[in-house]
>>> print(open('run15.csv').read())   # CSV, C-alpha atoms and all ligand atoms
chain,number,residue,atom,x,y,z
R,1,MET,CA,12.2,-19.4,51.8
R,2,HIS,CA,14.4,-16.3,52.1
R,3,SER,CA,17.1,-15.1,54.4
R,4,ASP,CA,16.7,-11.7,55.9
R,5,THR,CA,19.7,-9.7,54.9
R,6,SER,CA,18.3,-6.3,56.0
R,7,ALA,CA,20.7,-6.3,59.0
R,8,GLU,CA,23.7,-6.5,56.7
R,9,ASN,CA,22.2,-4.0,54.3
R,10,GLY,CA,21.2,-1.2,56.7
R,11,ASP,CA,18.0,0.4,55.6
R,12,GLU,CA,16.9,-1.9,52.8
R,13,PRO,CA,13.1,-2.5,53.0
R,14,PRO,CA,12.2,-6.1,53.8
R,15,SER,CA,10.6,-6.6,50.4
R,16,TYR,CA,14.0,-5.8,48.8
R,17,SER,CA,15.7,-8.6,50.7
R,18,ILE,CA,12.9,-11.0,49.8
R,19,LEU,CA,13.3,-10.0,46.2
R,20,LYS,CA,17.1,-10.5,46.3
R,21,SER,CA,16.7,-13.9,47.9
R,22,LEU,CA,14.1,-15.0,45.4
R,23,LYS,CA,16.5,-14.0,42.6
R,24,GLN,CA,19.4,-16.2,43.8
R,25,PHE,CA,20.2,-19.0,41.5
R,26,ARG,CA,20.4,-22.4,43.3
R,27,SER,CA,20.7,-25.9,42.1
R,28,ALA,CA,17.8,-28.3,42.6
R,29,GLY,CA,20.3,-30.7,44.2
R,30,ARG,CA,20.0,-34.4,44.3
R,31,GLY,CA,17.7,-34.9,47.3
R,32,PHE,CA,16.7,-38.6,47.5
R,33,TRP,CA,18.8,-39.5,44.5
R,34,SER,CA,22.2,-38.7,45.8
R,35,ASP,CA,23.5,-42.2,45.0
R,36,VAL,CA,22.6,-41.9,41.3
R,37,PRO,CA,25.6,-41.4,39.0
R,38,ASP,CA,25.9,-38.1,37.3
R,39,SER,CA,25.6,-39.8,33.9
R,40,ALA,CA,22.2,-41.1,34.9
R,41,TRP,CA,21.0,-37.9,36.7
R,42,ASN,CA,21.9,-35.7,33.7
R,43,ASP,CA,20.2,-38.0,31.2
R,44,TRP,CA,16.8,-36.8,30.3
R,45,ARG,CA,15.6,-40.3,29.6
R,46,TRP,CA,16.6,-41.5,33.1
R,47,GLN,CA,14.7,-38.6,34.5
R,48,LEU,CA,11.6,-39.6,32.6
R,49,GLN,CA,11.9,-43.2,33.5
R,50,HIS,CA,12.2,-42.4,37.2
R,51,ARG,CA,9.2,-39.9,37.5
R,52,ILE,CA,7.0,-40.1,40.5
R,53,THR,CA,3.7,-41.3,39.1
R,54,ASN,CA,1.6,-42.8,41.9
R,55,VAL,CA,0.5,-42.1,45.4
R,56,GLU,CA,2.7,-44.8,47.0
R,57,GLN,CA,5.9,-43.2,45.6
R,58,LEU,CA,4.7,-39.8,46.5
R,59,GLN,CA,3.8,-40.8,50.1
R,60,ARG,CA,7.2,-42.5,50.5
R,61,LEU,CA,9.1,-39.5,49.3
R,62,MET,CA,6.9,-37.0,51.0
R,63,PRO,CA,5.3,-38.3,54.2
R,64,THR,CA,4.1,-34.7,54.9
R,65,LEU,CA,1.3,-35.0,52.2
R,66,THR,CA,-1.8,-33.2,53.5
R,67,PRO,CA,-5.1,-35.1,53.5
R,68,GLU,CA,-6.2,-33.0,50.5
R,69,GLU,CA,-3.1,-34.0,48.6
R,70,PHE,CA,-3.2,-37.6,49.6
R,71,ALA,CA,-6.8,-37.9,48.4
R,72,GLY,CA,-6.0,-36.0,45.2
R,73,ALA,CA,-3.0,-38.2,44.5
R,74,THR,CA,-5.1,-41.4,45.1
R,75,LEU,CA,-7.5,-40.1,42.4
R,76,ALA,CA,-4.7,-38.7,40.3
R,77,ASN,CA,-5.9,-40.1,37.0
R,78,HIS,CA,-9.3,-38.6,37.3
R,79,LYS,CA,-8.3,-35.4,35.5
R,80,LEU,CA,-4.6,-35.5,34.7
R,81,ALA,CA,-2.0,-38.2,35.3
R,82,LEU,CA,0.5,-37.6,38.1
R,83,ALA,CA,4.1,-37.3,37.0
R,84,ILE,CA,6.9,-35.3,38.5
R,85,THR,CA,10.6,-35.6,37.4
R,86,PRO,CA,13.0,-36.4,40.2
R,87,TYR,CA,14.8,-33.1,39.3
R,88,PHE,CA,11.7,-31.0,39.7
R,89,PHE,CA,10.5,-32.9,42.8
R,90,ASN,CA,13.7,-31.7,44.5
R,91,LEU,CA,12.3,-28.1,44.3
R,92,ILE,CA,9.4,-29.0,46.5
R,93,ASP,CA,9.7,-28.0,50.2
R,94,PRO,CA,8.1,-31.0,52.0
R,95,ALA,CA,7.9,-29.0,55.2
R,96,ASP,CA,5.9,-26.2,53.7
R,97,GLU,CA,2.3,-26.8,52.8
R,98,ASN,CA,2.3,-23.5,50.9
R,99,CYS,CA,5.3,-24.4,48.8
R,100,PRO,CA,4.6,-22.8,45.4
R,101,ILE,CA,6.1,-25.7,43.5
R,102,ARG,CA,4.0,-28.2,45.4
R,103,TRP,CA,0.7,-26.4,44.5
R,104,GLN,CA,1.6,-26.8,40.8
R,105,VAL,CA,2.3,-30.5,40.5
R,106,ILE,CA,0.8,-32.3,43.5
R,107,PRO,CA,-2.8,-33.3,42.8
R,108,ARG,CA,-5.4,-32.2,45.3
R,109,ILE,CA,-8.9,-33.5,45.9
R,110,GLU,CA,-10.3,-30.0,44.9
R,111,GLU,CA,-9.5,-31.0,41.3
R,112,THR,CA,-12.7,-33.1,41.5
R,113,HIS,CA,-14.8,-30.1,42.4
R,114,THR,CA,-16.2,-28.4,39.3
R,115,ALA,CA,-17.7,-24.9,39.5
R,116,PRO,CA,-20.7,-24.2,37.2
R,117,TRP,CA,-18.7,-21.8,35.0
R,118,GLU,CA,-15.8,-24.2,34.5
R,119,MET,CA,-15.3,-26.1,31.2
R,120,THR,CA,-13.2,-29.0,29.8
R,121,ASP,CA,-12.2,-27.0,26.8
R,122,PRO,CA,-12.2,-23.4,28.1
R,123,CYS,CA,-10.5,-21.9,25.0
R,124,GLY,CA,-12.8,-23.6,22.5
R,125,GLU,CA,-9.9,-25.3,20.8
R,126,ASP,CA,-11.9,-28.3,19.6
R,127,ALA,CA,-14.4,-26.1,17.9
R,128,HIS,CA,-11.6,-24.4,16.0
R,129,SER,CA,-9.9,-27.6,14.8
R,130,PRO,CA,-10.3,-28.1,11.0
R,131,VAL,CA,-8.3,-31.4,11.4
R,132,PRO,CA,-7.6,-33.3,14.6
R,133,GLY,CA,-4.7,-31.8,16.5
R,134,LEU,CA,-4.6,-28.5,14.6
R,135,VAL,CA,-6.3,-25.4,16.0
R,136,HIS,CA,-6.9,-22.5,13.6
R,137,ARG,CA,-8.2,-19.8,15.9
R,138,TYR,CA,-6.5,-16.7,14.5
R,139,PRO,CA,-6.2,-15.7,10.8
R,140,ASP,CA,-2.5,-16.2,10.2
R,141,ARG,CA,-1.3,-18.8,12.6
R,142,VAL,CA,-2.1,-22.3,13.8
R,143,LEU,CA,-1.5,-24.3,16.9
R,144,PHE,CA,-0.1,-27.7,16.0
R,145,LEU,CA,-0.6,-30.3,18.8
R,146,VAL,CA,2.1,-32.9,18.4
R,147,THR,CA,1.6,-35.1,21.5
R,148,ASP,CA,-0.5,-35.5,24.6
R,149,ARG,CA,2.4,-36.3,26.9
R,150,CYS,CA,4.4,-33.9,29.1
R,151,ALA,CA,7.5,-34.4,31.3
R,152,ALA,CA,5.3,-33.5,34.4
R,153,TYR,CA,1.7,-32.5,34.7
R,154,CYS,CA,0.6,-29.1,35.8
R,155,ARG,CA,-2.6,-29.3,37.9
R,156,TYR,CA,-4.2,-26.3,36.2
R,157,CYS,CA,-3.5,-27.4,32.6
R,158,THR,CA,-5.8,-25.7,30.1
R,159,ARG,CA,-5.5,-28.8,27.9
R,160,SER,CA,-6.1,-31.3,30.6
R,161,ARG,CA,-8.9,-32.8,28.6
R,162,LEU,CA,-6.4,-34.3,26.2
R,163,VAL,CA,-3.0,-34.1,27.9
R,164,SER,CA,-1.9,-37.4,29.6
R,165,ASN,CA,-5.1,-39.1,28.3
R,166,ALA,CA,-6.2,-39.5,31.9
R,167,SER,CA,-9.7,-38.6,31.1
R,168,GLY,CA,-9.9,-40.9,28.0
R,169,TYR,CA,-9.8,-38.2,25.3
R,170,ASP,CA,-7.9,-40.5,23.0
R,171,PHE,CA,-5.8,-37.9,21.3
R,172,HIS,CA,-4.3,-39.1,18.0
R,173,PRO,CA,-2.6,-36.3,16.0
R,174,GLN,CA,-2.4,-37.1,12.3
R,175,PHE,CA,0.7,-35.3,11.1
R,176,ASP,CA,0.0,-35.9,7.4
R,177,LYS,CA,-3.4,-34.2,7.7
R,178,GLN,CA,-2.1,-31.4,9.9
R,179,LEU,CA,0.7,-30.7,7.4
R,180,GLU,CA,-1.6,-30.9,4.5
R,181,TYR,CA,-3.9,-28.4,6.0
R,182,ILE,CA,-1.1,-25.9,6.5
R,183,ARG,CA,0.3,-26.5,2.9
R,184,ASN,CA,-3.2,-25.8,1.5
R,185,THR,CA,-3.8,-22.7,3.7
R,186,ALA,CA,-1.7,-19.9,2.4
R,187,SER,CA,-2.7,-17.5,5.1
R,188,VAL,CA,-0.9,-19.5,7.7
R,189,ARG,CA,2.5,-17.9,8.2
R,190,ASP,CA,3.2,-18.9,11.8
R,191,VAL,CA,3.0,-22.4,13.3
R,192,LEU,CA,3.2,-23.1,17.1
R,193,LEU,CA,4.1,-26.6,18.0
R,194,SER,CA,2.7,-27.6,21.4
R,195,GLY,CA,0.7,-30.3,23.0
R,196,GLY,CA,1.7,-31.9,25.4
R,197,ASP,CA,5.3,-31.1,25.1
R,198,PRO,CA,7.1,-31.3,21.6
R,199,LEU,CA,10.5,-31.5,23.2
R,200,LEU,CA,9.6,-35.0,24.5
R,201,PHE,CA,10.1,-36.2,21.0
R,202,SER,CA,13.5,-37.5,20.0
R,203,ASP,CA,15.7,-35.0,18.1
R,204,GLU,CA,15.1,-37.1,14.9
R,205,ARG,CA,11.4,-37.1,15.2
R,206,LEU,CA,11.2,-33.4,16.0
R,207,GLU,CA,13.5,-32.6,13.1
R,208,HIS,CA,11.4,-34.6,10.7
R,209,LEU,CA,8.4,-32.4,11.6
R,210,LEU,CA,10.4,-29.1,11.5
R,211,ARG,CA,11.9,-30.0,8.2
R,212,GLN,CA,8.5,-30.5,6.6
R,213,LEU,CA,7.1,-27.3,8.1
R,214,ARG,CA,10.1,-25.3,6.9
R,215,ALA,CA,9.6,-26.7,3.4
R,216,ILE,CA,6.2,-24.9,3.2
R,217,PRO,CA,6.9,-21.6,1.4
R,218,HIS,CA,4.3,-19.5,3.2
R,219,VAL,CA,5.3,-20.6,6.7
R,220,GLU,CA,7.6,-17.8,7.8
R,221,PHE,CA,7.9,-18.4,11.5
R,222,LEU,CA,8.0,-21.4,13.8
R,223,ARG,CA,7.5,-21.6,17.5
R,224,ILE,CA,7.7,-24.3,20.1
R,225,GLY,CA,5.7,-24.1,23.4
R,226,THR,CA,7.4,-26.2,26.0
R,227,ARG,CA,7.7,-26.6,29.8
R,228,ILE,CA,10.6,-29.0,29.4
R,229,PRO,CA,13.4,-26.5,30.2
R,230,ILE,CA,11.7,-26.1,33.6
R,231,PHE,CA,10.7,-29.7,34.3
R,232,LEU,CA,13.6,-31.4,32.6
R,233,PRO,CA,16.5,-29.1,31.8
R,234,GLN,CA,18.6,-32.2,31.0
R,235,ARG,CA,16.6,-32.5,27.8
R,236,ILE,CA,18.2,-29.2,26.4
R,237,THR,CA,21.3,-31.0,25.1
R,238,PRO,CA,23.8,-29.3,22.8
R,239,GLN,CA,22.7,-31.8,20.1
R,240,LEU,CA,19.0,-30.6,20.4
R,241,CYS,CA,20.1,-27.0,20.2
R,242,ALA,CA,22.3,-27.7,17.1
R,243,MET,CA,19.3,-29.3,15.4
R,244,LEU,CA,16.9,-26.5,16.3
R,245,LYS,CA,19.1,-23.7,15.0
R,246,LYS,CA,18.8,-25.1,11.5
R,247,TYR,CA,15.2,-24.1,11.4
R,248,HIS,CA,15.3,-20.4,12.1
R,249,PRO,CA,13.4,-18.2,12.5
R,250,LEU,CA,12.4,-20.4,15.4
R,251,PHE,CA,11.2,-19.0,18.8
R,252,VAL,CA,10.7,-21.0,22.0
R,253,SER,CA,8.1,-20.1,24.6
R,254,ILE,CA,8.8,-21.6,28.0
R,255,HIS,CA,6.4,-21.8,30.9
R,256,SER,CA,7.6,-20.9,34.3
R,257,ASN,CA,5.5,-19.5,37.2
R,258,HIS,CA,7.8,-18.9,40.1
R,259,PRO,CA,11.4,-17.7,40.6
R,260,ARG,CA,12.4,-20.9,42.4
R,261,GLU,CA,11.9,-22.8,39.2
R,262,LEU,CA,14.8,-20.8,37.7
R,263,THR,CA,17.6,-22.9,39.0
R,264,THR,CA,21.2,-23.0,37.9
R,265,GLU,CA,20.3,-26.1,35.8
R,266,VAL,CA,17.5,-24.1,34.1
R,267,ARG,CA,19.6,-21.1,33.6
R,268,ASP,CA,22.3,-23.2,31.9
R,269,ALA,CA,19.7,-25.0,29.7
R,270,LEU,CA,18.1,-21.7,28.6
R,271,GLY,CA,21.6,-20.3,27.9
R,272,ARG,CA,22.2,-23.2,25.5
R,273,LEU,CA,19.0,-22.4,23.7
R,274,ALA,CA,19.8,-18.7,23.6
R,275,ASP,CA,23.3,-19.4,22.3
R,276,ALA,CA,21.7,-21.3,19.4
R,277,GLY,CA,20.1,-17.9,18.5
R,278,ILE,CA,16.7,-18.9,19.7
R,279,PRO,CA,14.6,-16.0,21.1
R,280,LEU,CA,13.0,-17.1,24.3
R,281,GLY,CA,9.8,-15.9,25.9
R,282,ASN,CA,8.0,-17.0,29.0
R,283,GLN,CA,4.3,-17.6,29.5
R,284,SER,CA,3.1,-17.9,33.1
R,285,VAL,CA,-0.2,-18.4,34.6
R,286,LEU,CA,-1.4,-16.3,37.5
R,287,LEU,CA,-2.0,-18.9,40.3
R,288,ARG,CA,-3.2,-18.6,43.8
R,289,HIS,CA,-0.6,-19.9,46.3
R,290,VAL,CA,2.1,-19.7,43.6
R,291,ASN,CA,2.6,-16.2,42.1
R,292,ASP,CA,-0.3,-14.0,43.2
R,293,ASP,CA,2.1,-11.6,44.8
R,294,ALA,CA,3.9,-8.6,43.3
R,295,THR,CA,7.3,-9.2,45.0
R,296,VAL,CA,7.3,-12.8,43.8
R,297,THR,CA,6.3,-11.8,40.2
R,298,LYS,CA,8.9,-9.0,40.1
R,299,ALA,CA,11.6,-11.4,41.2
R,300,HIS,CA,10.4,-13.9,38.6
R,301,VAL,CA,10.4,-11.5,35.7
R,302,GLN,CA,13.8,-10.0,36.6
R,303,LYS,CA,15.3,-13.5,37.0
R,304,LEU,CA,13.8,-14.5,33.6
R,305,LEU,CA,15.8,-11.6,32.0
R,306,MET,CA,18.9,-12.9,33.7
R,307,CYS,CA,18.2,-16.2,32.0
R,308,ARG,CA,17.9,-14.3,28.7
R,309,VAL,CA,14.1,-14.9,28.5
R,310,LYS,CA,11.6,-12.1,27.8
R,311,PRO,CA,8.5,-12.4,30.0
R,312,TYR,CA,5.8,-12.5,27.4
R,313,TYR,CA,2.4,-13.3,28.9
R,314,ILE,CA,0.8,-13.7,32.3
R,315,TYR,CA,-2.4,-15.6,31.7
R,316,GLN,CA,-5.4,-15.2,33.9
R,317,CYS,CA,-6.1,-18.9,34.8
R,318,ASP,CA,-8.4,-20.4,32.3
R,319,LEU,CA,-11.8,-21.7,33.5
R,320,ILE,CA,-10.6,-25.3,33.4
R,321,SER,CA,-12.7,-27.8,35.4
R,322,GLY,CA,-11.3,-28.3,38.9
R,323,SER,CA,-9.0,-25.3,39.0
R,324,ALA,CA,-11.0,-22.9,41.3
R,325,HIS,CA,-8.6,-23.6,44.2
R,326,LEU,CA,-5.8,-22.2,42.1
R,327,ARG,CA,-7.5,-19.3,40.5
R,328,ALA,CA,-6.4,-15.8,41.6
R,329,SER,CA,-8.7,-12.9,40.7
R,330,VAL,CA,-8.3,-10.6,37.7
R,331,ARG,CA,-8.1,-7.7,40.3
R,332,GLN,CA,-5.0,-9.3,41.8
R,333,GLY,CA,-3.5,-9.7,38.3
R,334,LEU,CA,-4.1,-6.0,37.6
R,335,GLU,CA,-2.6,-5.0,40.9
R,336,ILE,CA,0.6,-7.0,40.1
R,337,MET,CA,0.8,-5.4,36.7
R,338,GLU,CA,0.5,-2.0,38.3
R,339,GLN,CA,3.6,-2.9,40.5
R,340,LEU,CA,5.6,-3.9,37.4
R,341,ARG,CA,5.0,-1.2,34.8
R,342,GLY,CA,7.4,1.7,35.5
R,343,HIS,CA,8.8,0.0,38.6
R,344,THR,CA,11.1,-2.3,36.6
R,345,THR,CA,12.7,-2.7,33.2
R,346,GLY,CA,10.1,-2.5,30.4
R,347,TYR,CA,11.5,-5.7,28.9
R,348,ALA,CA,10.6,-7.4,32.1
R,349,VAL,CA,6.9,-6.5,31.9
R,350,PRO,CA,4.7,-9.2,30.4
R,351,GLN,CA,1.2,-8.6,28.9
R,352,PHE,CA,-1.6,-9.8,31.2
R,353,VAL,CA,-4.2,-11.5,29.2
R,354,ILE,CA,-7.5,-13.4,29.6
R,355,ASP,CA,-8.1,-16.1,27.1
R,356,ALA,CA,-11.8,-15.2,26.4
R,357,PRO,CA,-13.9,-18.2,27.6
R,358,GLY,CA,-15.3,-20.4,24.8
R,359,GLY,CA,-12.7,-19.4,22.1
R,360,GLY,CA,-12.6,-15.6,21.9
R,361,GLY,CA,-8.8,-15.6,21.9
R,362,LYS,CA,-6.4,-13.6,24.1
R,363,VAL,CA,-7.6,-10.3,25.3
R,364,PRO,CA,-5.0,-7.9,26.8
R,365,VAL,CA,-6.1,-6.6,30.2
R,366,ASN,CA,-4.3,-3.5,31.6
R,367,PRO,CA,-4.5,-1.2,34.5
R,368,ASP,CA,-6.2,2.1,33.5
R,369,TYR,CA,-3.5,4.5,32.5
R,370,VAL,CA,-5.9,6.6,30.3
R,371,LEU,CA,-8.2,8.4,32.7
R,372,SER,CA,-10.2,10.3,30.0
R,373,ARG,CA,-10.1,10.9,26.3
R,374,ASN,CA,-11.9,13.3,24.0
R,375,ALA,CA,-11.3,15.0,20.6
R,376,ALA,CA,-9.1,17.6,22.2
R,377,ARG,CA,-7.0,15.7,24.8
R,378,VAL,CA,-6.0,12.6,26.6
R,379,VAL,CA,-5.6,12.5,30.3
R,380,ILE,CA,-3.1,9.9,31.5
R,381,ARG,CA,-1.5,8.9,34.7
R,382,ASN,CA,2.0,7.5,35.2
R,383,TYR,CA,3.2,4.6,37.4
R,384,GLU,CA,3.5,7.1,40.3
R,385,GLY,CA,-0.1,8.2,40.0
R,386,LYS,CA,0.9,11.6,38.6
R,387,ILE,CA,-1.6,13.0,36.1
R,388,PHE,CA,-0.6,14.5,32.7
R,389,GLU,CA,-2.4,15.8,29.6
R,390,TYR,CA,-1.5,15.1,26.1
R,391,PRO,CA,-3.1,17.1,23.2
R,392,GLU,CA,-5.0,14.9,20.8
R,393,ALA,CA,-4.7,15.3,17.1
R,394,ALA,CA,-6.8,13.0,15.0
R,395,ASP,CA,-4.8,13.5,11.8
R,396,GLY,CA,-1.4,13.5,13.4
R,397,THR,CA,-0.9,17.3,13.1
R,398,PRO,CA,-0.2,19.4,16.2
R,399,LEU,CA,-3.5,20.3,17.9
R,400,MET,CA,-2.3,23.7,19.0
R,401,PRO,CA,-2.1,26.1,16.0
R,402,ALA,CA,1.4,27.4,15.5
R,403,PRO,CA,1.6,31.2,16.1
R,404,THR,CA,1.6,33.2,12.9
R,405,GLU,CA,4.3,35.5,14.0
R,406,ILE,CA,7.2,34.6,16.3
R,407,GLU,CA,7.9,37.4,18.6
R,408,GLU,CA,11.6,37.9,19.0
R,409,PRO,CA,12.6,38.6,22.6
R,410,GLU,CA,14.0,42.1,23.0
R,411,LEU,CA,17.7,42.2,23.4
R,412,VAL,CA,18.9,44.1,26.3
X,501,LIG,S1,3.4,-28.6,30.5
X,501,LIG,FE1,1.8,-27.4,29.5
X,501,LIG,S2,0.6,-28.9,28.4
X,501,LIG,FE2,1.8,-30.1,29.9
X,501,LIG,S3,0.5,-30.2,31.8
X,501,LIG,FE3,1.7,-28.3,32.0
X,501,LIG,S4,0.4,-26.7,31.2
X,501,LIG,FE4,-0.4,-28.7,30.4
>>> encode(input="run15.csv", output="structure tokens")
Amino acid sequence: MHSDTSAENGDEPPSYSILKSLKQFRSAGRGFWSDVPDSAWNDWRWQLQHRITNVEQLQRLMPTLTPEEFAGATLANHKLALAITPYFFNLIDPADENCPIRWQVIPRIEETHTAPWEMTDPCGEDAHSPVPGLVHRYPDRVLFLVTDRCAAYCRYCTRSRLVSNASGYDFHPQFDKQLEYIRNTASVRDVLLSGGDPLLFSDERLEHLLRQLRAIPHVEFLRIGTRIPIFLPQRITPQLCAMLKKYHPLFVSIHSNHPRELTTEVRDALGRLADAGIPLGNQSVLLRHVNDDATVTKAHVQKLLMCRVKPYYIYQCDLISGSAHLRASVRQGLEIMEQLRGHTTGYAVPQFVIDAPGGGGKVPVNPDYVLSRNAARVVIRNYEGKIFEYPEAADGTPLMPAPTEIEEPELV
């Protein structure tokens, strides 16, 4: 996965050379598809039409499937459909059972094991849906689900109950009703389009929706949640970017979990979005076998900045059924955060959150930097573990009374 350059670089610690290697931008290459003309390979519709969607294709392209993966792929439609774009498939290292890309998209038999605390709707979205496909969980913003389809399927998907329709949820968004609810609810100032992946829509269909949302006077802010720039960077065409920039302020939240996902193709696609004036944030999920490691996460967040993306959230993996094999502990998440704050650029540090099970919303979880606090003082520690005191002042005035007389030093 990385080349050891410590010999060339004298006294660099090994973690530094790993970090440097993880941050290299590489192309996903053509792999099995070297005969495909550029015009087809770079066409997002070709990529969708040629996705790997069944165990036979997977086995042919990757004879190194483990028994767990083979069994999982055979049952792939039990929880989520199997789909991997040829582009993203090329990022998998078939020789490495621990390949972090592989763990995200290749089904495993463990998906059929459900722990007692796991749920099909861990964020309680259905209970907060005033109309089908619209989640109104927070006071001033809504989640607008536009489709149940994605370019590829993440094995830990929080919305696996509805995404891909593999488990028969029968998702049918009703745009008229969703839009009407937003029009009639003046408190909604922020609309997040998600799903499934909104960028699977044609430019025309997506624009039709954005235009209607933009016409609602109290909607100040639009967001799109998408993993398309990572699974299918070919979709980020100049035409799409030109259309999106008409609907500012519009932010895009991408979903990347590992620095290897940030290829030259992805960097260029994200650059096109950024050039259209679209602020970009990344949401990642803390995953065992993928990114439960401080060096990998540091490389990831630094590389995101190089792609003009602000690392926004790291989610503790939701308690979605069949995800125990991918769930890292909260303790590991906190340890990783501890290795980021102060150790790298503040812009690179995301917020670690737990989406409270059952629909409590996102709760920020931080290492303890405040050691004690009372009416007189706050005791804090910094990233190096050094301890400091800060005088507390409830009303904002200095706690220490100013001296009534200032003694002038004697001149000698
Ligand atoms: S892209 Fe998002 S919605 Fe689609 S499978 Fe992955 S996590 Fe779920």
>>> residues_around(input="run15.csv", residues="Cys99 in chain R", least_positions_apart="6", cutoff="9 Å", atoms="all atoms listed in the file", output="ChimeraX atom specification")
/R:92-93,289-290
>>> residues_near_ligand(input="run15.csv", ligand="ligand LIG 501 (chain X)", cutoff="7 Å", atoms="only C-alpha atoms and all ligand atoms", output="list of chain:residue names")
R:Arg149, R:Cys150, R:Ala152, R:Tyr153, R:Cys154, R:Arg155, R:Tyr156, R:Cys157, R:Thr158, R:Arg159, R:Ser160, R:Val163, R:Gly195, R:Gly196, R:Asp197, R:Thr226, R:Arg227
>>> closest_residue(input="run15.csv", among="R:Asp38, R:Glu125, R:Glu69, R:Glu111", to="His325 in chain R", atoms="only C-alpha atoms")
R:Glu111
>>> residues_around(input="run15.csv", residues="Arg161 in chain R", least_positions_apart="6", cutoff="8 Å", atoms="only C-alpha atoms", output="JSON, numbers by chain")
{"R": [79, 80, 120, 121, 167, 169]}
>>> atom_distance(input="run15.csv", atom1="CA of Val36 in chain R", atom2="CA of Arg235 in chain R")
17.5 Å
>>> atom_distance(input="run15.csv", atom1="CA of Asp292 in chain R", atom2="CA of Pro350 in chain R")
14.6 Å
>>> closest_residue(input="run15.csv", among="R:Ala274, R:Ala393, R:Val146, R:Val135", to="Ala375 in chain R", atoms="only C-alpha atoms")
R:Ala393
>>> closest_residue(input="run15.csv", among="R:Gln47, R:Gln24, R:Thr66, R:Ser15", to="Pro259 in chain R", atoms="all atoms listed in the file")
R:Gln24
>>> residues_around(input="run15.csv", residues="range 180-187 of chain R", least_positions_apart="4", cutoff="7 Å", atoms="all atoms listed in the file", output="mmCIF file with C-alpha atoms, in the frame of the given file")
data_model
loop_
_atom_site.group_PDB
_atom_site.id
_atom_site.type_symbol
_atom_site.label_atom_id
_atom_site.label_comp_id
_atom_site.auth_asym_id
_atom_site.auth_seq_id
_atom_site.Cartn_x
_atom_site.Cartn_y
_atom_site.Cartn_z
ATOM 1 C CA PRO R 139 -6.200 -15.700 10.800
ATOM 2 C CA ASP R 140 -2.500 -16.200 10.200
ATOM 3 C CA ASP R 176 0.000 -35.900 7.400
ATOM 4 C CA ILE R 216 6.200 -24.900 3.200
ATOM 5 C CA HIS R 218 4.300 -19.500 3.200
#
>>> residues_around(input="run15.csv", residues="Asn257 in chain R", least_positions_apart="2", cutoff="9 Å", atoms="all atoms listed in the file", output="JSON, numbers by chain")
{"R": [100, 101, 255, 259, 260, 261, 282, 283, 284, 285, 286, 287, 290, 291, 297, 300, 314]}
>>> residues_near_point(input="run15.csv", point="(9.0, -32.0, 36.7)", cutoff="7 Å", atoms="only C-alpha atoms", output="ChimeraX atom specification")
/R:84-89,151-152,231-232
>>> closest_residue(input="run15.csv", among="R:Gly322, R:Gly358, R:Pro367, R:Pro279", to="Met337 in chain R", atoms="all atoms listed in the file")
R:Pro367
>>> residues_around(input="run15.csv", residues="Pro357 in chain R", least_positions_apart="4", cutoff="10 Å", atoms="all atoms listed in the file", output="ChimeraX atom specification")
/R:117-119,121-124,318-320,361-362
